[in-house]
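Structure file start.tsv (TSV, C-alpha atoms) follows.
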chain	number	residue	atom	x	y	z
J	151	MET	CA	-23.99	0.03	-8.74
J	152	THR	CA	-21.94	2.96	-7.56
J	153	THR	CA	-19.30	2.90	-4.91
J	154	ASN	CA	-18.64	5.47	-2.20
J	155	GLY	CA	-15.28	7.09	-1.56
J	156	ILE	CA	-14.06	4.46	0.91
J	157	GLU	CA	-14.90	1.63	-1.44
J	158	SER	CA	-13.29	3.40	-4.38
J	159	ASP	CA	-10.08	3.82	-2.38
J	160	PHE	CA	-9.92	0.04	-1.97
J	161	PHE	CA	-9.19	-0.27	-5.71
J	162	GLN	CA	-5.89	1.56	-5.04
J	163	ILE	CA	-4.77	-0.68	-2.18
J	164	ARG	CA	-1.16	-1.95	-2.25
J	165	ALA	CA	-0.68	-5.68	-2.80
J	166	ILE	CA	1.80	-7.91	-0.95
J	167	ASN	CA	2.13	-11.64	-1.58
J	168	LEU	CA	3.50	-14.19	0.87
J	169	ILE	CA	5.55	-17.15	-0.37
J	170	THR	CA	7.02	-20.14	1.46
J	171	THR	CA	10.30	-22.00	0.94
J	172	GLY	CA	9.19	-25.06	2.89
J	173	ARG	CA	7.93	-25.36	6.44
J	174	THR	CA	8.89	-21.79	7.22
J	175	GLY	CA	5.99	-20.30	9.21
J	176	THR	CA	4.05	-18.47	6.49
J	177	ASP	CA	0.71	-19.23	8.16
J	178	PHE	CA	2.05	-18.06	11.50
J	179	PHE	CA	3.38	-14.79	10.06
J	180	GLN	CA	0.05	-14.14	8.35
J	181	SER	CA	-1.74	-14.81	11.63
J	182	LEU	CA	0.34	-12.06	13.28
J	183	LEU	CA	-0.96	-9.61	10.66
J	184	ASP	CA	-4.56	-10.80	10.95
J	185	GLY	CA	-5.60	-8.19	13.50
J	186	HIS	CA	-3.80	-5.18	11.99
J	187	LYS	CA	-6.22	-2.38	11.16
J	188	SER	CA	-4.27	-1.38	8.02
J	189	ILE	CA	-4.08	-4.89	6.52
J	190	SER	CA	-6.75	-6.80	4.65
J	191	THR	CA	-5.93	-10.50	4.62
J	192	LEU	CA	-7.86	-13.75	4.33
J	193	ASN	CA	-7.89	-16.85	6.50
J	194	GLY	CA	-4.66	-18.58	5.47
J	195	HIS	CA	-3.55	-19.27	1.91
J	196	VAL	CA	-6.32	-19.19	-0.68
J	197	PHE	CA	-5.71	-20.22	-4.28
J	198	ILE	CA	-8.05	-17.62	-5.74
J	199	TYR	CA	-7.02	-17.91	-9.39
J	200	GLU	CA	-7.40	-21.68	-9.33
J	201	SER	CA	-10.88	-21.17	-7.87
J	202	ILE	CA	-11.72	-18.77	-10.69
J	203	LYS	CA	-10.88	-21.46	-13.23
J	204	ARG	CA	-13.32	-23.80	-11.51
J	205	LEU	CA	-16.23	-21.34	-11.37
J	206	LYS	CA	-19.13	-22.89	-13.24
J	207	CYS	CA	-20.83	-19.49	-13.28
J	208	LEU	CA	-18.20	-18.30	-15.77
J	209	LYS	CA	-18.25	-21.31	-18.09
J	210	GLY	CA	-19.24	-20.52	-21.66
J	211	ILE	CA	-19.47	-16.77	-21.02
J	212	ASP	CA	-17.13	-14.53	-23.01
J	213	GLU	CA	-17.83	-11.19	-21.34
J	214	ALA	CA	-19.47	-11.80	-17.99
J	215	THR	CA	-20.38	-9.13	-15.50
J	216	PHE	CA	-20.11	-9.71	-11.79
J	217	SER	CA	-23.09	-11.51	-10.33
J	218	SER	CA	-23.97	-12.72	-6.87
J	219	ASP	CA	-23.78	-16.31	-8.15
J	220	ILE	CA	-20.05	-15.94	-8.87
J	221	PHE	CA	-19.22	-14.94	-5.31
J	222	GLU	CA	-21.60	-17.43	-3.77
J	223	GLU	CA	-19.99	-20.27	-5.70
J	224	PHE	CA	-16.54	-19.11	-4.56
J	225	PHE	CA	-17.76	-18.93	-0.97
J	226	TRP	CA	-18.98	-22.53	-0.90
J	227	ASP	CA	-16.00	-23.78	-2.90
J	228	ASN	CA	-13.74	-22.45	-0.11
J	229	ILE	CA	-16.10	-23.00	2.79
J	230	GLU	CA	-13.37	-23.80	5.34
J	231	LYS	CA	-11.92	-20.29	4.88
J	232	PHE	CA	-15.20	-18.63	5.84
J	233	LYS	CA	-16.46	-21.17	8.38
J	234	SER	CA	-13.29	-22.37	10.03
J	235	ARG	CA	-15.00	-25.09	12.06
J	236	TYR	CA	-14.39	-27.22	8.97
J	237	ASP	CA	-10.62	-26.61	9.02
J	238	LEU	CA	-9.44	-29.36	11.35
J	239	ILE	CA	-5.95	-29.69	9.88
J	240	GLU	CA	-4.84	-26.25	11.06
J	241	ASN	CA	-6.84	-26.36	14.33
J	242	LYS	CA	-9.01	-23.47	13.18
J	243	HIS	CA	-12.06	-25.24	14.52
J	244	ALA	CA	-10.65	-24.53	18.00
J	245	LEU	CA	-9.90	-20.81	18.03
J	246	GLY	CA	-10.17	-18.46	20.99
J	247	GLU	CA	-8.89	-18.47	24.55
J	248	ASN	CA	-10.86	-21.61	25.40
J	249	LYS	CA	-10.43	-23.20	21.96
J	250	ASP	CA	-14.20	-23.29	21.46
J	251	GLN	CA	-14.68	-20.63	18.76
J	252	SER	CA	-14.36	-20.44	15.00
J	253	ILE	CA	-14.72	-17.95	12.16
J	254	ASN	CA	-18.33	-17.93	10.98
J	255	ILE	CA	-18.99	-15.61	8.04
J	256	ASN	CA	-22.50	-15.38	6.62
J	257	SER	CA	-22.64	-16.15	2.91
J	258	ILE	CA	-25.38	-13.59	2.24
J	259	ASP	CA	-23.38	-10.79	3.86
J	260	PHE	CA	-20.22	-11.87	2.04
J	261	VAL	CA	-21.89	-11.83	-1.39
J	262	GLU	CA	-23.63	-8.51	-0.70
J	263	ASN	CA	-20.35	-6.83	0.26
J	264	CYS	CA	-18.64	-8.15	-2.87
J	265	MET	CA	-21.43	-6.83	-5.06
J	266	ASN	CA	-21.36	-3.44	-3.34
J	267	LEU	CA	-17.77	-3.08	-4.52
J	268	VAL	CA	-17.86	-4.51	-8.05
J	269	GLY	CA	-21.52	-5.16	-8.90
J	270	GLY	CA	-22.33	-4.11	-12.47
J	271	LYS	CA	-18.69	-4.14	-13.53
J	272	LYS	CA	-17.29	-6.42	-16.21
J	273	PHE	CA	-15.70	-9.47	-14.63
J	274	SER	CA	-11.95	-9.32	-14.12
J	275	SER	CA	-9.75	-11.46	-11.92
J	276	LYS	CA	-8.19	-8.35	-10.35
J	277	TYR	CA	-11.53	-6.95	-9.27
J	278	PHE	CA	-12.50	-10.42	-8.07
J	279	VAL	CA	-9.43	-10.57	-5.78
J	280	LEU	CA	-10.15	-7.07	-4.47
J	281	ALA	CA	-13.80	-7.88	-3.82
J	282	ILE	CA	-12.97	-11.06	-1.90
J	283	HIS	CA	-10.57	-9.28	0.44
J	284	TYR	CA	-12.82	-6.25	0.79
J	285	SER	CA	-15.86	-8.34	1.72
J	286	TYR	CA	-13.94	-10.63	4.08
J	287	SER	CA	-12.67	-7.62	6.05
J	288	LYS	CA	-16.13	-6.07	6.17
J	289	CYS	CA	-17.71	-9.31	7.35
J	290	LEU	CA	-15.26	-9.33	10.26
J	291	GLY	CA	-16.43	-5.85	11.21
J	292	GLU	CA	-13.19	-4.16	10.20
J	293	ASP	CA	-13.02	-0.57	8.92
J	294	VAL	CA	-12.07	-1.00	5.25
J	295	GLY	CA	-11.43	2.73	5.03
J	296	LEU	CA	-8.26	2.17	7.08
J	297	LYS	CA	-6.89	-0.61	4.86
J	298	LYS	CA	-3.63	0.20	3.09
J	299	ILE	CA	-2.30	-3.30	2.40
J	300	LEU	CA	-3.87	-6.28	0.64
J	301	PHE	CA	-1.81	-9.09	2.09
J	302	HIS	CA	-2.39	-12.25	0.07
J	303	HIS	CA	-0.85	-15.61	0.93
J	304	TYR	CA	-0.35	-17.60	-2.27
J	305	HIS	CA	2.18	-19.94	-0.63
J	306	HIS	CA	3.78	-21.39	-3.81
J	307	SER	CA	5.90	-19.26	-6.13
J	308	GLY	CA	4.72	-21.23	-9.14
J	309	ARG	CA	1.19	-19.89	-8.64
J	310	LEU	CA	2.25	-16.23	-8.78
J	311	PRO	CA	2.10	-15.30	-12.52
J	312	PRO	CA	-1.65	-14.54	-12.75
J	313	PHE	CA	-1.54	-12.53	-9.52
J	314	LEU	CA	1.47	-10.54	-10.70
J	315	SER	CA	-0.28	-9.88	-14.00
J	316	ASP	CA	-3.14	-8.22	-12.11
J	317	PHE	CA	-0.93	-6.58	-9.48
J	318	PRO	CA	2.42	-5.84	-11.18
J	319	ASP	CA	3.71	-3.68	-8.32
J	320	THR	CA	3.34	-6.48	-5.77
J	321	LEU	CA	5.93	-6.76	-3.02
J	322	LEU	CA	6.96	-10.39	-2.53
J	323	VAL	CA	7.58	-11.51	1.04
J	324	VAL	CA	9.45	-14.82	1.24
J	325	MET	CA	9.66	-16.74	4.51
J	326	THR	CA	12.81	-18.71	5.26
J	327	ARG	CA	14.18	-20.81	8.10
J	328	ASP	CA	17.37	-22.57	9.11
J	329	PRO	CA	17.53	-24.96	6.14
J	330	ARG	CA	18.50	-27.92	8.33
J	331	ALA	CA	15.49	-27.44	10.62
J	332	ASN	CA	13.36	-26.80	7.54
J	333	PHE	CA	14.53	-30.06	6.01
J	334	CYS	CA	13.72	-32.11	9.12
J	335	SER	CA	10.32	-30.50	9.52
J	336	SER	CA	9.42	-31.09	5.88
J	337	VAL	CA	10.69	-34.64	5.55
J	338	TYR	CA	10.28	-36.29	8.92
J	339	ASN	CA	7.09	-34.58	10.16
J	340	TRP	CA	5.04	-33.42	7.22
J	341	MET	CA	5.65	-36.50	5.08
J	342	GLU	CA	4.70	-38.85	7.89
J	343	TYR	CA	1.59	-36.78	8.53
J	344	ARG	CA	0.67	-36.83	4.84
J	345	ARG	CA	1.20	-40.58	4.68
J	346	SER	CA	-1.06	-41.29	7.68
J	347	ASN	CA	-3.85	-38.94	6.60
J	348	PHE	CA	-3.98	-39.17	2.82
J	349	LYS	CA	-2.80	-42.66	1.95
J	350	GLY	CA	-4.86	-44.01	-0.90
J	351	VAL	CA	-6.49	-40.64	-1.54
J	352	ARG	CA	-3.75	-38.68	-3.25
J	353	GLU	CA	-1.34	-39.85	-5.88
J	354	PHE	CA	1.29	-41.98	-4.20
J	355	THR	CA	4.80	-40.53	-4.12
J	356	SER	CA	7.90	-42.20	-2.75
J	357	TRP	CA	10.17	-40.77	-0.09
J	358	PHE	CA	12.80	-40.39	-2.76
J	359	ARG	CA	10.67	-38.07	-4.88
J	360	ASP	CA	9.27	-36.13	-1.92
J	361	GLY	CA	12.72	-35.71	-0.39
J	362	LEU	CA	14.11	-34.47	-3.70
J	363	HIS	CA	11.34	-31.87	-3.91
J	364	VAL	CA	11.99	-30.70	-0.34
J	365	LEU	CA	15.72	-30.35	-0.95
J	366	SER	CA	15.16	-28.45	-4.19
J	367	ARG	CA	12.89	-25.91	-2.50
J	368	ILE	CA	15.28	-25.48	0.43
J	369	PHE	CA	18.33	-25.01	-1.78
J	370	THR	CA	16.52	-22.52	-4.00
J	371	ASP	CA	15.18	-20.41	-1.12
J	372	TYR	CA	14.17	-16.87	-2.15
J	373	ARG	CA	15.55	-17.43	-5.66
J	374	SER	CA	12.27	-19.19	-6.45
J	375	VAL	CA	10.82	-15.70	-7.04
J	376	ALA	CA	13.95	-13.94	-8.34
J	377	HIS	CA	13.02	-14.40	-12.01
J	378	PHE	CA	9.87	-12.33	-11.48
J	379	LYS	CA	12.12	-9.30	-10.92
J	380	LYS	CA	9.86	-7.85	-8.22
J	381	ASN	CA	10.72	-6.11	-4.98
J	382	THR	CA	11.44	-8.95	-2.57
J	383	MET	CA	11.80	-9.13	1.19
J	384	VAL	CA	13.00	-12.21	3.08
J	385	ILE	CA	11.94	-12.78	6.69
J	386	LYS	CA	13.29	-15.52	8.94
J	387	LEU	CA	10.83	-17.64	10.91
J	388	GLU	CA	13.19	-17.38	13.89
J	389	ASP	CA	12.78	-13.57	13.86
J	390	LEU	CA	8.99	-13.48	14.24
J	391	GLY	CA	9.32	-13.07	17.98
J	392	ASN	CA	11.54	-10.00	17.52
J	393	GLU	CA	9.52	-6.78	17.75
J	394	LYS	CA	12.30	-4.90	15.97
J	395	ILE	CA	11.86	-7.13	12.91
J	396	LEU	CA	8.08	-6.72	12.93
J	397	ARG	CA	8.46	-2.95	13.25
J	398	GLY	CA	10.91	-3.06	10.36
J	399	PHE	CA	8.36	-4.87	8.22
J	400	CYS	CA	5.70	-2.29	9.02
J	401	SER	CA	8.06	0.58	8.25
J	402	SER	CA	9.03	-1.03	4.94
J	403	VAL	CA	5.42	-1.31	3.76
J	404	GLY	CA	4.29	2.09	5.06
J	405	ILE	CA	2.10	1.19	8.04
J	406	GLU	CA	2.42	1.61	11.80
J	407	TYR	CA	3.40	-1.22	14.10
J	408	SER	CA	0.46	-2.64	16.07
J	409	GLU	CA	0.46	-4.52	19.35
J	410	SER	CA	-1.89	-6.97	17.67
J	411	MET	CA	1.19	-8.37	15.91
J	412	SER	CA	2.27	-10.01	19.15
J	413	ARG	CA	-0.79	-12.27	18.99
J	414	SER	CA	-1.50	-15.11	16.60
J	415	THR	CA	-5.12	-14.86	15.44
J	416	TRP	CA	-7.51	-15.72	12.64
J	417	GLY	CA	-10.55	-13.53	12.24
J	418	GLY	CA	-9.49	-11.84	15.46
J	419	LEU	CA	-9.70	-15.12	17.39
J	420	LEU	CA	-6.66	-16.57	19.14
J	421	TRP	CA	-5.04	-19.43	17.22
J	422	ASN	CA	-3.70	-22.53	18.92
J	423	ASN	CA	-0.65	-22.62	16.66
J	424	ALA	CA	0.62	-25.96	18.04
J	425	ASP	CA	-0.69	-27.66	14.92
J	426	LYS	CA	-0.87	-31.36	14.22
J	427	VAL	CA	2.23	-31.43	12.06
J	428	SER	CA	4.61	-29.85	14.56
J	429	SER	CA	7.16	-32.12	16.23
J	430	ASN	CA	6.98	-30.32	19.56
J	431	LYS	CA	3.67	-30.45	21.43
J	432	LYS	CA	4.70	-29.13	24.83
J	433	CYS	CA	4.87	-25.74	26.52
J	434	PHE	CA	3.56	-23.62	23.66
J	435	ASN	CA	2.72	-19.99	24.19
J	436	THR	CA	-0.45	-20.03	22.11
J	437	LYS	CA	-0.81	-16.24	22.21
J	438	GLY	CA	2.16	-15.52	19.98
J	439	PHE	CA	5.65	-16.55	19.02
J	440	ASP	CA	7.29	-19.25	21.10
J	441	ALA	CA	10.84	-20.38	20.32
J	442	LYS	CA	9.91	-23.90	21.47
J	443	LEU	CA	7.51	-24.10	18.56
J	444	ILE	CA	10.26	-24.18	15.95
J	445	LYS	CA	12.82	-26.36	17.71
J	446	ASN	CA	12.87	-29.82	16.16
J	447	ASN	CA	16.29	-31.13	17.24
J	448	TRP	CA	17.68	-31.25	13.73
J	449	GLN	CA	21.17	-31.55	15.24
J	450	LEU	CA	20.25	-35.02	16.52
J	451	ARG	CA	17.99	-36.08	13.69
J	452	LEU	CA	20.44	-35.54	10.84
J	453	TRP	CA	23.36	-37.86	10.22
J	454	TRP	CA	26.76	-36.25	10.61
J	455	THR	CA	27.31	-36.72	6.88
J	456	GLU	CA	24.17	-34.71	6.11
J	457	LYS	CA	25.10	-31.96	8.54
J	458	TYR	CA	28.51	-31.71	6.93
J	459	VAL	CA	27.03	-31.52	3.43
J	460	PHE	CA	24.43	-28.92	4.43
J	461	ASN	CA	27.08	-26.80	6.13
J	462	VAL	CA	29.24	-26.77	3.00
J	463	LEU	CA	26.57	-26.41	0.31
J	464	LEU	CA	24.71	-23.67	2.18
J	465	ASN	CA	27.65	-22.00	3.89
J	466	THR	CA	27.14	-18.60	2.27
J	467	ARG	CA	23.46	-18.49	3.14
J	468	LEU	CA	24.00	-19.77	6.69
J	469	LYS	CA	26.53	-16.96	7.20
J	470	GLU	CA	24.46	-14.19	5.63
J	471	TYR	CA	21.24	-15.30	7.34
J	472	ARG	CA	23.24	-15.50	10.58
J	473	TYR	CA	22.66	-19.19	11.35
J	474	ASP	CA	25.19	-21.35	13.18
J	475	HIS	CA	27.78	-22.67	10.77
J	476	THR	CA	31.40	-23.74	10.43
J	477	GLN	CA	33.70	-21.90	8.05
J	478	CYS	CA	34.67	-23.94	4.98
J	479	SER	CA	38.07	-24.56	3.44
J	480	ILE	CA	39.34	-26.30	0.31
J	481	PHE	CA	39.60	-29.45	2.41
J	482	SER	CA	35.91	-29.11	3.34
J	483	TYR	CA	34.92	-28.99	-0.33
J	484	PHE	CA	37.03	-32.07	-1.03
J	485	ILE	CA	35.40	-34.08	1.77
J	486	CYS	CA	31.93	-32.87	0.81
J	487	PHE	CA	32.44	-34.06	-2.77
J	488	PHE	CA	32.52	-37.67	-1.54
J	489	LEU	CA	29.96	-37.33	1.27
J	490	ILE	CA	27.35	-36.20	-1.27
J	491	LEU	CA	27.39	-39.74	-2.66
J	492	ILE	CA	26.37	-41.24	0.69
J	493	PRO	CA	22.55	-41.64	0.91
J	494	PHE	CA	20.74	-39.15	3.09
J	495	ARG	CA	18.78	-40.56	6.01
J	496	TYR	CA	15.44	-40.18	4.19
J	497	GLU	CA	16.91	-42.12	1.28
J	498	ALA	CA	17.99	-44.89	3.63
J	499	ILE	CA	14.44	-45.01	5.00
J	500	ALA	CA	13.11	-45.19	1.45
J	501	LEU	CA	15.38	-48.19	0.83
J	502	SER	CA	14.10	-50.09	3.86
J	503	PHE	CA	12.08	-53.24	3.23
J	504	ASN	CA	8.77	-51.72	4.38
J	505	SER	CA	9.20	-48.58	2.27
J	506	LEU	CA	10.17	-50.53	-0.82
J	507	LYS	CA	7.20	-52.84	-0.27
J	508	GLU	CA	4.86	-49.87	0.05
J	509	THR	CA	6.28	-48.30	-3.10
J	510	TYR	CA	5.88	-51.59	-4.98
J	511	GLN	CA	2.25	-51.92	-3.86
J	512	PHE	CA	1.20	-48.39	-4.79
J	513	SER	CA	3.39	-47.57	-7.77
J	514	ARG	CA	5.87	-49.84	-9.51
J	515	LYS	CA	6.76	-46.87	-11.69
J	516	GLU	CA	8.00	-45.02	-8.61
J	517	LEU	CA	10.01	-48.05	-7.57
J	518	VAL	CA	11.83	-48.14	-10.91
J	519	LYS	CA	12.55	-44.40	-10.73
J	520	ILE	CA	14.29	-44.54	-7.33
J	521	PRO	CA	17.82	-44.64	-8.88
J	522	ILE	CA	16.88	-41.63	-11.03
J	523	TYR	CA	15.76	-39.63	-7.98
J	524	TYR	CA	19.02	-40.52	-6.23
J	525	MET	CA	21.11	-39.34	-9.20
J	526	GLN	CA	19.07	-36.13	-9.41
J	527	ARG	CA	19.71	-35.46	-5.74
J	528	VAL	CA	23.45	-36.05	-6.15
J	529	TRP	CA	23.58	-33.82	-9.23
J	530	MET	CA	21.69	-31.06	-7.41
J	531	CYS	CA	24.15	-31.21	-4.51
J	532	TYR	CA	27.12	-30.97	-6.88
J	533	LYS	CA	25.50	-27.97	-8.51
J	534	TYR	CA	25.37	-26.09	-5.21
J	535	LEU	CA	28.86	-27.27	-4.27
J	536	TYR	CA	30.07	-25.71	-7.50
J	537	ARG	CA	28.29	-22.44	-6.66
J	538	GLU	CA	29.79	-22.43	-3.18
J	539	ILE	CA	33.34	-23.09	-4.38
J	540	LEU	CA	33.13	-20.22	-6.87
J	541	GLY	CA	31.37	-17.91	-4.40
J	542	LEU	CA	28.48	-17.24	-6.79
J	543	ASP	CA	26.00	-16.53	-4.00
J	544	LYS	CA	28.02	-14.15	-1.85
J	545	GLY	CA	26.04	-11.06	-0.88
J	546	LYS	CA	22.83	-12.19	-2.57
J	547	PHE	CA	21.04	-13.42	0.53
J	548	GLU	CA	22.13	-10.53	2.69
J	549	ALA	CA	20.75	-8.07	0.15
J	550	VAL	CA	17.12	-9.13	0.56
J	551	LEU	CA	16.98	-10.09	4.25
J	552	LEU	CA	14.89	-7.97	6.61
J	553	LYS	CA	17.06	-7.26	9.63

Please express what this file holds, its structure, as structure tokens.
Amino acid sequence: MTTNGIESDFFQIRAINLITTGRTGTDFFQSLLDGHKSISTLNGHVFIYESIKRLKCLKGIDEATFSSDIFEEFFWDNIEKFKSRYDLIENKHALGENKDQSININSIDFVENCMNLVGGKKFSSKYFVLAIHYSYSKCLGEDVGLKKILFHHYHHSGRLPPFLSDFPDTLLVVMTRDPRANFCSSVYNWMEYRRSNFKGVREFTSWFRDGLHVLSRIFTDYRSVAHFKKNTMVIKLEDLGNEKILRGFCSSVGIEYSESMSRSTWGGLLWNNADKVSSNKKCFNTKGFDAKLIKNNWQLRLWWTEKYVFNVLLNTRLKEYRYDHTQCSIFSYFICFFLILIPFRYEAIALSFNSLKETYQFSRKELVKIPIYYMQRVWMCYKYLYREILGLDKGKFEAVLLK
């Protein structure tokens, strides 16, 4: 098959990848870009390269060419992305002003659009990614000739290598948030939600291991992508209601600001972003950013020992990201050294009778490893205390932050 000029231009589109550092609003930011005429983006995060590995249509074939079967299998393997009535977790079954609409893409049209772009070509993961985004935009009735940005949401930095291999000039956009609010959202909302919805289905993990993972991701922040040595931009969740910040993003990537960025949509349909994991269910402005959406009272939910430790270990970042903080002194470091040894609240919960009983029932191995997780958490805190005392992070966060 041959492609026309508009379709050929799509092969030159600029790639941007969105990465999270916890519960930092990556889905919400993507939803603000959903209606932009210059951006081609899918419905939430899609693990395309993992899907490619699962494609039965490619098994046992050394040099495959693109076929309609390949795209059809991908479509049904990710059905909730194309027919959002099946995505109940993110409330995408209830889109629109009256919460009675959903994205409904026809599989035949989707496959046909993909084949119009890459049909007859030798299979490559890069062309596959391009075809998926191209067809998705066309199925929504968008003018692909206006698309300048392929905005992909891969969510986890560890999944990036194959994407960066295909798109080496990718700009990485990392979402961040006040680490204390991020911590509370991740531990005390998401974990409870995961427990109540997936118990017995997924591999059991203790609060100790989950909490350690959350802390590690929060402490690392944008540095999770630093080793890729790619252009990186950090955006704060708290800034998504600031038009100046959104205009700055557009200017940085070479597109014009659009009023559509004040609305949270998927497939052009309004998203009720008060999802089931959020801790605040009242008074949401479902049309766009609402500061109430991200308030989770971390000041009351953290023990004073935790707040003190967070303030010291993350003091440089809190200052450079312009979050509320208290200036540290040598005395602060001394006190923090001992407070690190005191269990965090989530660790105390994990040591309660009910939690220990649950851990014993589902995984005795996890029960035995609890002291190891505690020591790993303490060691990680001392590592960042050391960095803070020596000032190893000064200026690093400020350098990548979109202001």

Check your understanding: With distances taken over only C-alpha atoms, which of J:Leu542, J:Val323, J:Ile490, J:Leu552 is nearest to J:Asn461?
Key -> J:Ile490

Where's the centre, and what are the edge lengths in Å to one decimal, of a box along x, y and z enclosing all listed atoms of stretch 361-364 of chain J padded 5 Å per side, as AutoDock Vina command-line options?
--center_x 12.7 --center_y -33.2 --center_z -2.1 --size_x 12.8 --size_y 15.0 --size_z 13.6

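For the choices J:Leu267, J:Leu450, J:Leu390, J:Leu208, the atom-to-atom distance to J:Asp159 is smallest for J:Leu267 when using only C-alpha atoms.
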
Review point. What's the 6 Å shell around stretch 288-301 of chain J, counting all atoms listed in the file, without same-chain residues fewer than 3 positions away, as a count of residues only?
Key: 11

Check your understanding: Residues at most 10 Å from J:Ala214, counting only C-alpha atoms, excluding those fewer than 6 positions away in the same chain, as a count of residues only?
Key -> 7

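Counting only C-alpha atoms and comparing J:Trp357, J:Ser414, J:Ala376, J:Phe484, the residue that lies closest to J:Ser505 is J:Trp357.
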
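Atom CA of J:Arg397 to atom CA of J:Gly175 spans 18.0 Å [interatomic distance, one decimal].
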
Revision key, fill the gap. Students should find that atom CA of J:Tyr536 and atom CA of J:Asp371 are spaced 17.0 Å

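With all atoms listed in the file as the atoms that count, the residue of J:Thr170, J:Gln477, J:Ser366, J:Ser158 with the shortest distance to J:Leu310 is J:Thr170.
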
Exercise for review: Choose the residue, out of J:Phe494, J:Trp454, J:Phe487, J:Phe278, that has the smallest atom-to-atom separation from J:Ser217; count only C-alpha atoms.
Suggested key: J:Phe278

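Checking J:Ser201, J:Arg495, J:Phe317, J:Ser402 one by one against J:Phe161, counting only C-alpha atoms, you find the shortest gap at J:Phe317.
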
Practice item. Find the spatial neighbours of J:Gly418, counting only C-alpha atoms, within a cut-off of 9 Å - ignore same-chain residues fewer than 3 positions away - and output them as an MDAnalysis selection string. Key: chainID J and resid 184:185 246 253 290 414:415 421

Check your understanding: Which residues come within 9 Å of J:Asp474, counting only C-alpha atoms, excluding same-chain residues fewer than 5 positions away, as a PyMOL selection string?
Key -> chain J and resi 328+468-469

For the selection just defined, write its residues with C-alpha atoms to a file, as a tab-separated table (two decimals), in the frame of the given file.
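This went into result21.tsv:
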chain	number	residue	atom	x	y	z
J	328	ASP	CA	17.37	-22.57	9.11
J	468	LEU	CA	24.00	-19.77	6.69
J	469	LYS	CA	26.53	-16.96	7.20

Check your understanding: At most 12 Å from (-9.7, -17.3, 7.5), file frame, all atoms listed in the file: which residues, as an MDAnalysis selection string?
Key -> chainID J and resid 177 180:181 184:185 190:196 225 228:237 240:243 245 252:255 282:283 286:287 289:290 302:303 415:419 421

Review point. Excluding same-chain residues fewer than 2 positions from J:Ser479, what lies within 12 Å of it counting all atoms listed in the file, as a list in words?
Key: Asn461, Val462, Asn465, Thr476, Gln477, Phe481, Ser482, Tyr483, Phe484, Ile485, Cys486, Glu538 and Ile539 of chain J

Dump of C-alpha atoms for the selected residues, as a compact mmCIF listing (two decimals), in the coordinates of the input:
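Saved as result.txt:
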# COMPACT_ATOMS: atom_id res chain seq x y z
CA ASN J 461 27.08 -26.80 6.13
CA VAL J 462 29.24 -26.77 3.00
CA ASN J 465 27.65 -22.00 3.89
CA THR J 476 31.40 -23.74 10.43
CA GLN J 477 33.70 -21.90 8.05
CA PHE J 481 39.60 -29.45 2.41
CA SER J 482 35.91 -29.11 3.34
CA TYR J 483 34.92 -28.99 -0.33
CA PHE J 484 37.03 -32.07 -1.03
CA ILE J 485 35.40 -34.08 1.77
CA CYS J 486 31.93 -32.87 0.81
CA GLU J 538 29.79 -22.43 -3.18
CA ILE J 539 33.34 -23.09 -4.38

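Pairwise distance (atom CA of J:Phe333, atom CA of J:Arg309) equals 22.3 Å.
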